[in-house]
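Participant: File follows, start_14.cif with mmCIF, C-alpha atoms:
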```
data_data
#
loop_
_atom_site.label_atom_id
_atom_site.label_comp_id
_atom_site.auth_asym_id
_atom_site.auth_seq_id
_atom_site.Cartn_x
_atom_site.Cartn_y
_atom_site.Cartn_z
CA MET H 1 -134.25 97.37 -53.74
CA THR H 2 -133.01 93.83 -54.39
CA ARG H 3 -135.28 91.31 -56.10
CA ARG H 4 -135.42 89.13 -52.99
CA PHE H 5 -136.54 92.07 -50.82
CA ARG H 6 -139.09 93.02 -53.48
CA MET H 7 -140.51 89.49 -53.49
CA VAL H 8 -140.83 89.54 -49.68
CA VAL H 9 -142.71 92.86 -49.82
CA PHE H 10 -144.92 91.54 -52.64
CA GLY H 11 -145.57 88.26 -50.81
CA LEU H 12 -146.74 90.07 -47.65
CA GLY H 13 -148.87 92.51 -49.61
CA ALA H 14 -150.39 89.82 -51.84
CA ALA H 15 -151.24 87.63 -48.84
CA GLY H 16 -152.99 90.57 -47.18
CA LEU H 17 -154.79 91.48 -50.39
CA ALA H 18 -155.87 87.86 -50.94
CA GLY H 19 -157.33 87.80 -47.44
CA LEU H 20 -159.22 91.05 -48.01
CA LEU H 21 -160.51 89.81 -51.39
CA ALA H 22 -161.72 86.54 -49.84
CA TRP H 23 -163.47 88.53 -47.10
CA GLY H 24 -165.09 90.80 -49.68
CA PHE H 25 -166.15 87.94 -51.97
CA ALA H 26 -167.74 86.13 -49.01
CA GLY H 27 -170.09 89.10 -48.67
CA LEU H 28 -171.24 88.92 -52.32
CA PRO H 29 -174.38 87.02 -53.29
CA SER H 30 -173.60 83.39 -54.17
CA PHE H 31 -172.74 82.86 -57.87
CA GLY H 32 -175.96 82.64 -59.86
CA SER H 33 -178.29 84.13 -57.25
CA PHE H 34 -177.77 87.84 -57.99
CA ASP H 35 -181.05 89.72 -57.65
CA GLY H 36 -180.37 93.31 -58.74
CA ALA H 37 -183.63 95.06 -59.52
CA TYR H 38 -182.02 97.77 -61.70
CA GLY H 39 -180.66 95.42 -64.35
CA GLN H 40 -183.90 93.43 -64.52
CA LEU H 41 -185.90 96.65 -64.87
CA LEU H 42 -183.71 97.82 -67.78
CA ALA H 43 -183.93 94.37 -69.44
CA HIS H 44 -187.72 94.39 -69.21
CA LEU H 45 -188.02 97.93 -70.58
CA THR H 46 -185.78 97.20 -73.58
CA VAL H 47 -188.40 95.82 -75.98
CA PRO H 48 -191.56 97.78 -74.98
CA GLU H 49 -189.90 101.18 -74.37
CA ARG H 50 -187.08 101.26 -76.93
CA HIS H 51 -188.22 98.80 -79.63
CA ALA H 52 -184.73 97.23 -79.67
CA THR H 53 -183.84 93.65 -78.72
CA SER H 54 -180.31 93.89 -77.28
CA ALA H 55 -180.66 94.95 -73.64
CA VAL H 56 -176.89 95.47 -73.43
CA SER H 57 -176.90 97.98 -76.30
CA VAL H 58 -179.96 99.76 -74.92
CA SER H 59 -178.30 100.05 -71.49
CA THR H 60 -175.07 101.25 -73.07
CA PHE H 61 -176.48 103.80 -75.50
CA ASP H 62 -179.80 104.83 -73.98
CA PHE H 63 -180.27 104.29 -70.25
CA ARG H 64 -176.57 104.86 -69.54
CA GLY H 65 -175.78 106.92 -72.65
CA VAL H 66 -173.95 109.71 -70.83
CA ASP H 67 -171.48 107.16 -69.40
CA THR H 68 -170.84 105.93 -72.91
CA LEU H 69 -170.20 109.47 -74.13
CA GLY H 70 -167.49 109.72 -71.46
CA GLU H 71 -166.15 106.30 -72.41
CA GLU H 72 -165.92 107.32 -76.05
CA PHE H 73 -164.01 110.45 -75.12
CA ILE H 74 -161.58 108.38 -73.01
CA LEU H 75 -160.65 106.56 -76.22
CA PHE H 76 -160.51 109.84 -78.15
CA THR H 77 -158.21 111.40 -75.56
CA ALA H 78 -155.99 108.32 -75.39
CA ALA H 79 -155.47 108.39 -79.17
CA ILE H 80 -154.47 112.05 -78.92
CA GLY H 81 -152.17 111.17 -76.02
CA VAL H 82 -150.38 108.51 -78.09
CA LEU H 83 -150.01 110.95 -80.99
CA VAL H 84 -148.60 113.66 -78.73
CA LEU H 85 -146.14 111.25 -77.10
CA LEU H 86 -144.86 109.64 -80.29
CA ARG H 87 -144.98 112.61 -82.67
CA GLY H 88 -143.40 114.97 -80.17
CA GLN H 89 -140.53 112.55 -79.90
CA ARG H 90 -140.33 112.26 -83.68
CA ALA H 91 -139.90 116.01 -84.02
CA GLY H 92 -137.13 116.12 -81.42
CA GLU H 93 -135.06 113.01 -81.98
CA THR H 94 -135.45 111.54 -85.42
CA VAL H 95 -134.01 112.35 -88.77
CA ALA H 96 -137.21 112.44 -90.75
CA ALA H 97 -140.78 111.24 -90.63
CA GLU H 98 -140.17 109.01 -93.64
CA PRO H 99 -139.42 105.31 -93.55
CA ILE H 100 -135.68 104.68 -93.77
CA ARG H 101 -136.13 101.49 -95.80
CA GLN H 102 -138.60 102.03 -98.58
CA ARG H 103 -141.19 99.32 -99.29
CA GLU H 104 -139.92 96.76 -96.87
CA PRO H 105 -142.44 93.91 -97.11
CA ALA H 106 -144.23 93.14 -93.85
CA ALA H 107 -144.95 89.61 -94.99
CA GLU H 108 -142.47 87.37 -96.75
CA SER H 109 -144.86 84.43 -96.65
CA LYS H 110 -147.11 83.92 -99.67
CA THR H 111 -149.69 82.14 -97.49
CA LEU H 112 -150.00 85.14 -95.15
CA ARG H 113 -150.17 87.42 -98.14
CA SER H 114 -152.98 85.54 -99.90
CA VAL H 115 -154.99 84.78 -96.75
CA GLY H 116 -154.72 88.41 -95.62
CA THR H 117 -155.84 89.69 -99.01
CA ALA H 118 -158.73 87.22 -99.17
CA LEU H 119 -159.96 88.04 -95.66
CA ALA H 120 -159.82 91.84 -95.77
CA ALA H 121 -163.09 92.39 -97.64
CA PRO H 122 -165.22 89.80 -95.73
CA VAL H 123 -163.91 91.18 -92.41
CA LEU H 124 -164.87 94.70 -93.50
CA VAL H 125 -168.41 93.50 -94.29
CA LEU H 126 -168.59 91.64 -90.96
CA GLY H 127 -167.56 94.83 -89.14
CA ILE H 128 -170.27 96.85 -90.88
CA TYR H 129 -172.81 94.09 -90.05
CA VAL H 130 -171.86 94.06 -86.35
CA VAL H 131 -172.10 97.88 -86.12
CA ALA H 132 -175.43 98.01 -87.97
CA HIS H 133 -177.07 95.24 -85.88
CA GLY H 134 -175.84 96.52 -82.51
CA HIS H 135 -179.37 97.24 -81.26
CA LEU H 136 -180.69 93.80 -82.33
CA THR H 137 -178.04 91.19 -81.57
CA PRO H 138 -174.79 91.06 -79.57
CA GLY H 139 -172.39 93.63 -80.99
CA GLY H 140 -172.46 97.35 -81.58
CA GLY H 141 -170.16 100.25 -82.29
CA PHE H 142 -167.29 99.31 -79.98
CA GLN H 143 -167.07 95.67 -81.09
CA GLY H 144 -167.77 96.41 -84.77
CA GLY H 145 -165.29 99.30 -84.80
CA VAL H 146 -162.50 96.98 -83.70
CA ILE H 147 -163.48 94.43 -86.39
CA LEU H 148 -163.44 97.21 -89.03
CA MET H 149 -159.97 98.17 -87.82
CA THR H 150 -158.72 94.57 -88.27
CA ALA H 151 -159.76 94.67 -91.93
CA PHE H 152 -157.21 97.44 -92.48
CA LEU H 153 -154.61 95.63 -90.39
CA LEU H 154 -155.03 92.57 -92.65
CA VAL H 155 -154.06 94.78 -95.58
CA TYR H 156 -150.95 95.68 -93.62
CA LEU H 157 -150.12 92.04 -92.86
CA ALA H 158 -150.67 91.03 -96.49
CA GLY H 159 -148.72 93.87 -98.04
CA THR H 160 -146.28 96.52 -97.09
CA HIS H 161 -146.34 99.34 -94.63
CA LEU H 162 -146.86 101.72 -97.49
CA ASP H 163 -149.95 99.80 -98.56
CA LEU H 164 -151.48 100.41 -95.15
CA ARG H 165 -150.81 104.11 -95.60
CA ARG H 166 -152.50 104.02 -98.99
CA ALA H 167 -155.49 102.05 -97.66
CA THR H 168 -155.84 104.18 -94.53
CA PRO H 169 -154.49 107.68 -95.00
CA LEU H 170 -153.82 108.95 -91.50
CA GLY H 171 -155.76 112.13 -92.20
CA ALA H 172 -158.87 110.15 -93.14
CA MET H 173 -158.58 108.06 -89.97
CA GLU H 174 -158.22 111.16 -87.81
CA ALA H 175 -161.27 112.57 -89.57
CA ALA H 176 -163.22 109.32 -88.91
CA GLU H 177 -162.23 109.47 -85.25
CA GLY H 178 -163.28 113.11 -84.93
CA THR H 179 -166.53 112.59 -86.85
CA GLY H 180 -167.46 109.64 -84.64
CA ALA H 181 -166.77 111.50 -81.39
CA ALA H 182 -168.55 114.65 -82.58
CA GLY H 183 -171.48 112.63 -83.97
CA PHE H 184 -172.24 111.11 -80.56
CA ALA H 185 -172.14 114.50 -78.87
CA LEU H 186 -174.29 116.10 -81.62
CA ILE H 187 -176.93 113.34 -81.38
CA GLY H 188 -176.99 114.03 -77.64
CA LEU H 189 -177.44 117.76 -78.26
CA GLY H 190 -180.17 116.95 -80.80
CA GLY H 191 -182.01 115.34 -77.89
CA ILE H 192 -181.86 118.63 -75.96
CA VAL H 193 -183.15 120.66 -78.91
CA LEU H 194 -185.84 118.28 -80.17
CA ALA H 195 -186.89 116.25 -77.13
CA GLY H 196 -185.89 118.32 -74.10
CA ALA H 197 -183.08 116.24 -72.55
CA PHE H 198 -179.52 115.24 -73.46
CA LEU H 199 -179.42 111.97 -75.46
CA GLU H 200 -183.23 111.77 -75.33
CA ASN H 201 -184.56 109.91 -78.36
CA PHE H 202 -185.91 112.33 -80.99
CA ILE H 203 -186.81 110.07 -83.92
CA GLY H 204 -189.36 107.27 -84.33
CA PHE H 205 -188.65 103.93 -82.64
CA GLY H 206 -189.72 101.78 -85.62
CA THR H 207 -190.83 98.15 -85.48
CA VAL H 208 -189.17 95.75 -83.03
CA GLY H 209 -186.62 93.54 -84.80
CA ASN H 210 -186.18 95.70 -87.91
CA LEU H 211 -182.77 96.97 -88.93
CA VAL H 212 -184.15 100.51 -88.65
CA SER H 213 -185.54 100.52 -85.12
CA GLY H 214 -184.54 101.55 -81.63
CA GLY H 215 -184.59 105.30 -82.31
CA VAL H 216 -181.17 106.96 -82.19
CA ILE H 217 -179.36 103.85 -80.88
CA PRO H 218 -178.24 102.66 -84.38
CA LEU H 219 -176.97 106.19 -85.15
CA LEU H 220 -174.99 106.21 -81.89
CA ASN H 221 -173.60 102.77 -82.80
CA ILE H 222 -172.42 104.07 -86.18
CA SER H 223 -170.68 107.09 -84.68
CA VAL H 224 -169.01 104.93 -82.02
CA GLY H 225 -167.95 102.45 -84.73
CA LEU H 226 -166.30 105.25 -86.73
CA GLU H 227 -164.66 106.65 -83.62
CA VAL H 228 -163.27 103.29 -82.45
CA MET H 229 -162.01 102.32 -85.91
CA GLY H 230 -160.32 105.70 -86.40
CA ALA H 231 -158.83 105.89 -82.91
CA VAL H 232 -157.37 102.38 -82.92
CA LEU H 233 -155.97 102.78 -86.44
CA VAL H 234 -154.37 106.10 -85.50
CA ILE H 235 -152.77 104.44 -82.46
CA VAL H 236 -151.64 101.32 -84.33
CA GLY H 237 -150.39 103.31 -87.34
CA GLU H 238 -148.35 105.59 -85.10
CA LEU H 239 -146.84 102.63 -83.21
CA LEU H 240 -145.99 100.85 -86.50
CA ASP H 241 -144.31 103.99 -87.79
CA GLN H 242 -141.88 103.83 -84.90
CA ARG H 243 -139.97 100.88 -86.36
CA PHE H 244 -139.05 102.93 -89.41
CA LEU H 245 -137.58 105.79 -87.45
CA VAL H 246 -134.03 106.06 -86.24
CA ARG H 247 -132.37 108.47 -83.87
CA ARG H 248 -130.01 110.93 -85.47
CA GLY H 249 -126.97 109.42 -83.72
CA ASP H 250 -127.75 105.87 -84.82
CA ARG H 251 -127.68 106.51 -88.50
CA MET L 1 -173.32 78.54 -52.43
CA SER L 2 -170.61 78.83 -55.04
CA PHE L 3 -167.79 81.33 -55.08
CA LEU L 4 -165.49 79.68 -57.64
CA ALA L 5 -165.97 82.45 -60.25
CA TYR L 6 -165.02 85.10 -57.69
CA GLY L 7 -161.98 83.03 -56.79
CA VAL L 8 -160.95 82.99 -60.45
CA ALA L 9 -161.19 86.80 -60.52
CA GLY L 10 -159.07 87.08 -57.36
CA TRP L 11 -156.51 84.63 -58.76
CA LEU L 12 -156.22 86.55 -62.07
CA PHE L 13 -155.72 89.80 -60.13
CA LEU L 14 -152.95 88.37 -57.94
CA VAL L 15 -151.16 86.42 -60.68
CA GLY L 16 -151.13 89.56 -62.86
CA LEU L 17 -149.70 91.58 -59.98
CA TYR L 18 -147.01 88.91 -59.51
CA GLY L 19 -146.12 89.30 -63.19
CA ILE L 20 -145.87 93.08 -62.84
CA VAL L 21 -143.63 92.84 -59.77
CA THR L 22 -141.23 90.31 -61.32
CA SER L 23 -141.30 91.73 -64.86
CA ARG L 24 -138.00 92.33 -66.64
CA ASN L 25 -139.51 93.87 -69.76
CA LEU L 26 -141.92 96.80 -70.10
CA ILE L 27 -143.96 95.11 -72.87
CA HIS L 28 -144.37 92.03 -70.65
CA LEU L 29 -145.37 94.36 -67.82
CA VAL L 30 -148.16 95.92 -69.90
CA VAL L 31 -149.45 92.44 -70.80
CA CYS L 32 -149.44 91.53 -67.08
CA LEU L 33 -151.48 94.66 -66.37
CA THR L 34 -154.08 93.51 -68.91
CA VAL L 35 -154.28 90.20 -66.98
CA VAL L 36 -155.00 92.19 -63.79
CA GLN L 37 -157.72 94.09 -65.65
CA ALA L 38 -159.17 90.84 -67.03
CA SER L 39 -159.99 89.90 -63.44
CA THR L 40 -162.48 92.77 -63.29
CA TYR L 41 -164.35 91.44 -66.34
CA VAL L 42 -164.67 88.01 -64.73
CA LEU L 43 -165.82 89.58 -61.45
CA LEU L 44 -168.41 91.87 -63.05
CA LEU L 45 -169.90 89.18 -65.29
CA ALA L 46 -169.87 86.64 -62.45
CA ILE L 47 -171.81 89.01 -60.19
CA GLY L 48 -174.48 89.59 -62.85
CA PHE L 49 -175.08 85.90 -63.58
CA ARG L 50 -178.39 84.29 -62.56
CA ASP L 51 -179.07 80.54 -62.51
CA GLY L 52 -181.07 79.38 -65.52
CA ALA L 53 -180.92 82.80 -67.18
CA THR L 54 -179.77 83.52 -70.72
CA ALA L 55 -178.14 86.49 -72.48
CA PRO L 56 -180.27 89.68 -72.39
CA ILE L 57 -180.86 89.65 -76.16
CA TYR L 58 -184.55 89.41 -77.05
CA ALA L 59 -184.03 88.84 -80.78
CA ASP L 60 -185.02 85.17 -80.54
CA ILE L 61 -186.38 84.62 -77.00
CA PRO L 62 -189.69 85.68 -75.40
CA THR L 63 -189.47 88.73 -73.12
CA SER L 64 -190.60 86.57 -70.21
CA ARG L 65 -187.35 84.51 -70.18
CA PRO L 66 -185.10 85.28 -67.18
CA VAL L 67 -181.94 87.06 -68.34
CA VAL L 68 -178.59 87.92 -66.76
CA ASP L 69 -177.97 91.51 -65.68
CA PRO L 70 -177.35 93.79 -68.72
CA VAL L 71 -175.81 96.56 -66.60
CA VAL L 72 -172.71 94.54 -65.67
CA ALA L 73 -172.24 93.71 -69.36
CA THR L 74 -172.34 97.44 -70.11
CA LEU L 75 -169.82 98.13 -67.34
CA THR L 76 -167.56 95.36 -68.71
CA LEU L 77 -167.70 97.03 -72.13
CA THR L 78 -166.54 100.30 -70.56
CA ASP L 79 -163.86 98.35 -68.73
CA VAL L 80 -162.52 96.79 -71.95
CA VAL L 81 -162.32 100.20 -73.64
CA VAL L 82 -160.47 101.71 -70.69
CA GLU L 83 -158.08 98.75 -70.61
CA ALA L 84 -157.33 99.09 -74.33
CA THR L 85 -156.57 102.81 -73.98
CA VAL L 86 -154.38 102.29 -70.91
CA ALA L 87 -152.45 99.56 -72.75
CA ALA L 88 -152.00 101.79 -75.83
CA LEU L 89 -150.67 104.71 -73.78
CA LEU L 90 -148.34 102.49 -71.73
CA LEU L 91 -147.00 100.80 -74.88
CA SER L 92 -146.20 104.16 -76.45
CA LEU L 93 -144.44 105.17 -73.22
CA ALA L 94 -142.46 101.91 -73.48
CA VAL L 95 -141.49 102.80 -77.07
CA GLN L 96 -140.32 106.17 -75.86
CA ALA L 97 -138.36 104.69 -72.94
CA HIS L 98 -136.62 102.26 -75.26
CA ARG L 99 -135.63 105.00 -77.69
CA ARG L 100 -134.34 107.27 -74.96
CA PHE L 101 -132.53 104.75 -72.74
CA GLY L 102 -131.96 101.78 -75.06
CA THR L 103 -133.49 99.26 -72.65
CA LEU L 104 -136.90 97.87 -71.72
CA ASP L 105 -135.83 96.43 -68.35
CA PRO L 106 -137.64 98.39 -65.60
CA ASP L 107 -134.75 97.73 -63.18
CA GLU L 108 -132.21 99.32 -65.51
CA LEU L 109 -134.55 102.25 -66.14
CA GLY L 110 -134.69 102.78 -62.38
CA ALA L 111 -130.88 102.76 -62.21
CA LEU L 112 -130.69 105.38 -64.97
CA ARG L 113 -133.07 107.64 -63.09
CA GLY L 114 -130.82 107.35 -60.01
#
```
Turn the structure described in the file into structure tokens.

Facilitator:
Amino acid sequence: MTRRFRMVVFGLGAAGLAGLLAWGFAGLPSFGSFDGAYGQLLAHLTVPERHATSAVSVSTFDFRGVDTLGEEFILFTAAIGVLVLLRGQRAGETVAAEPIRQREPAAESKTLRSVGTALAAPVLVLGIYVVAHGHLTPGGGFQGGVILMTAFLLVYLAGTHLDLRRATPLGAMEAAEGTGAAGFALIGLGGIVLAGAFLENFIGFGTVGNLVSGGVIPLLNISVGLEVMGAVLVIVGELLDQRFLVRRGDR
Amino acid sequence: MSFLAYGVAGWLFLVGLYGIVTSRNLIHLVVCLTVVQASTYVLLLAIGFRDGATAPIYADIPTSRPVVDPVVATLTLTDVVVEATVAALLLSLAVQAHRRFGTLDPDELGALRG
């Protein structure tokens, strides 16, 4: 297929799709006048029924908690998929799993090195804050988990690849990922045993606005935070490893 | 009646598709796919918006304030996670393609496959 022919096919298809989209959008409620009863009901139940203040977190982890369990396992499975793809290839094609150039610095720049070192600890604290306050303010396990992951990436940027390995041993990250995924499922099962339904709340709701409130939602946030941090670090670590590997023929 | 936000979503979708079709590099192609997926965030959040409403976080507002729909925000969160995982898997496939065939150009990969 030549590029010109491909552009003609794309142009026709895109024009048709644009028409269909315009038709579909015309049938949506005008911007700003959405009147879905379901979302409003969940928002109004958030404070009286769950003693938490972030309606988004309560929807994510309580009213639609089973969806979120599935979502968490999508991430879990994807991390395993990346490991299978890249490690399988490593076993077949590469000389060894070790870096070919020892201690190659990732950052030559002193500025990057000092800023990265200075930021790593505050970013770690920020990540823990965002995970812990997920049920009160915007944030939660998914967002906080990614922030926690960046703290470790800053160590990588500031130092060497080997420093990342020392700061985040792959085994520990895999354990964090597994613990997070299992924790969510176990809290759900705890609901069956202690309250009669999957993911049903089985501990006290606490006082609205306190750090310890909202029932199991903060616990779910913590397990998701661990899972996200572990999964993304496993993926990123495996991708970074690739640049140190060579095919047998290339050496 | 305002449909500008929906138009932005449609534009992001189509411009991302254009990037995918004309891409000459698999990494660039994955980035274009994330642009396509960004259109769904804009669409979901635009649908849930209500005039005069604020974010559905009751930490510092009375519960009587009108708020935007929290369900679309939850769906957008799911969407972001799915996008990140798809991008990670596609990038590792790109790494593998480059190691096996020595190129990231989708056209040349097609030629190698025959």

Participant: Calculated over all atoms listed in the file, which of the candidates H:Leu124, H:Arg87, H:Gln143, H:Ile203 has the smallest distance to Gln96 in chain L?

Facilitator: H:Arg87

Participant: Show me, as an MDAnalysis selection string, every residue of chain L with an atom at most 7 Å from chain H, counting all atoms listed in the file.

Facilitator: chainID L and resid 1:3 6 10 14 46:51 56:59 69:71 73:74 78 85 89 92

Participant: Let me make sure I understand: among L:Thr63, L:Asn25, L:Thr103, L:Ser39, which one has the smallest atom-to-atom distance to Ala9 in chain L if we use all atoms listed in the file?

Facilitator: L:Ser39

Participant: Run through the PyMOL selection byres ((chain L and resi 66) around 7) on the given coordinates and return the selected residues as a PyMOL selection string.

Facilitator: chain L and resi 53-54+64-65+67

Participant: Between CA of Leu91 in chain L and CA of Leu240 in chain H, what is the distance in Å, rounded to a tenth?

Facilitator: 11.7 Å

Participant: Quote the spacing between CA of Leu220 in chain H and CA of Asp62 in chain H in Å to one decimal place.

Facilitator: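 Here the two named atoms are 9.4 Å from each other.
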
Participant: Given only C-alpha atoms as the basis, pick out the residue of L:Ile61, L:Ala87, L:Leu45, L:Ala55 nearest to Cys32 in chain L.

Facilitator: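 Using only C-alpha atoms, Cys32 in chain L sits closest to L:Ala87.
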
Participant: Selection in question (the file shown): the PyMOL selection byres ((chain L and resi 104) around 9). Which residues does it include, as a compact mmCIF listing (two decimals) with C-alpha atoms, in the coordinates of the input?

Facilitator:
```
# COMPACT_ATOMS: atom_id res chain seq x y z
CA ARG L 24 -138.00 92.33 -66.64
CA ASN L 25 -139.51 93.87 -69.76
CA LEU L 26 -141.92 96.80 -70.10
CA ILE L 27 -143.96 95.11 -72.87
CA ALA L 94 -142.46 101.91 -73.48
CA VAL L 95 -141.49 102.80 -77.07
CA ALA L 97 -138.36 104.69 -72.94
CA HIS L 98 -136.62 102.26 -75.26
CA PHE L 101 -132.53 104.75 -72.74
CA GLY L 102 -131.96 101.78 -75.06
CA THR L 103 -133.49 99.26 -72.65
CA ASP L 105 -135.83 96.43 -68.35
CA PRO L 106 -137.64 98.39 -65.60
CA ASP L 107 -134.75 97.73 -63.18
CA GLU L 108 -132.21 99.32 -65.51
CA LEU L 109 -134.55 102.25 -66.14
```
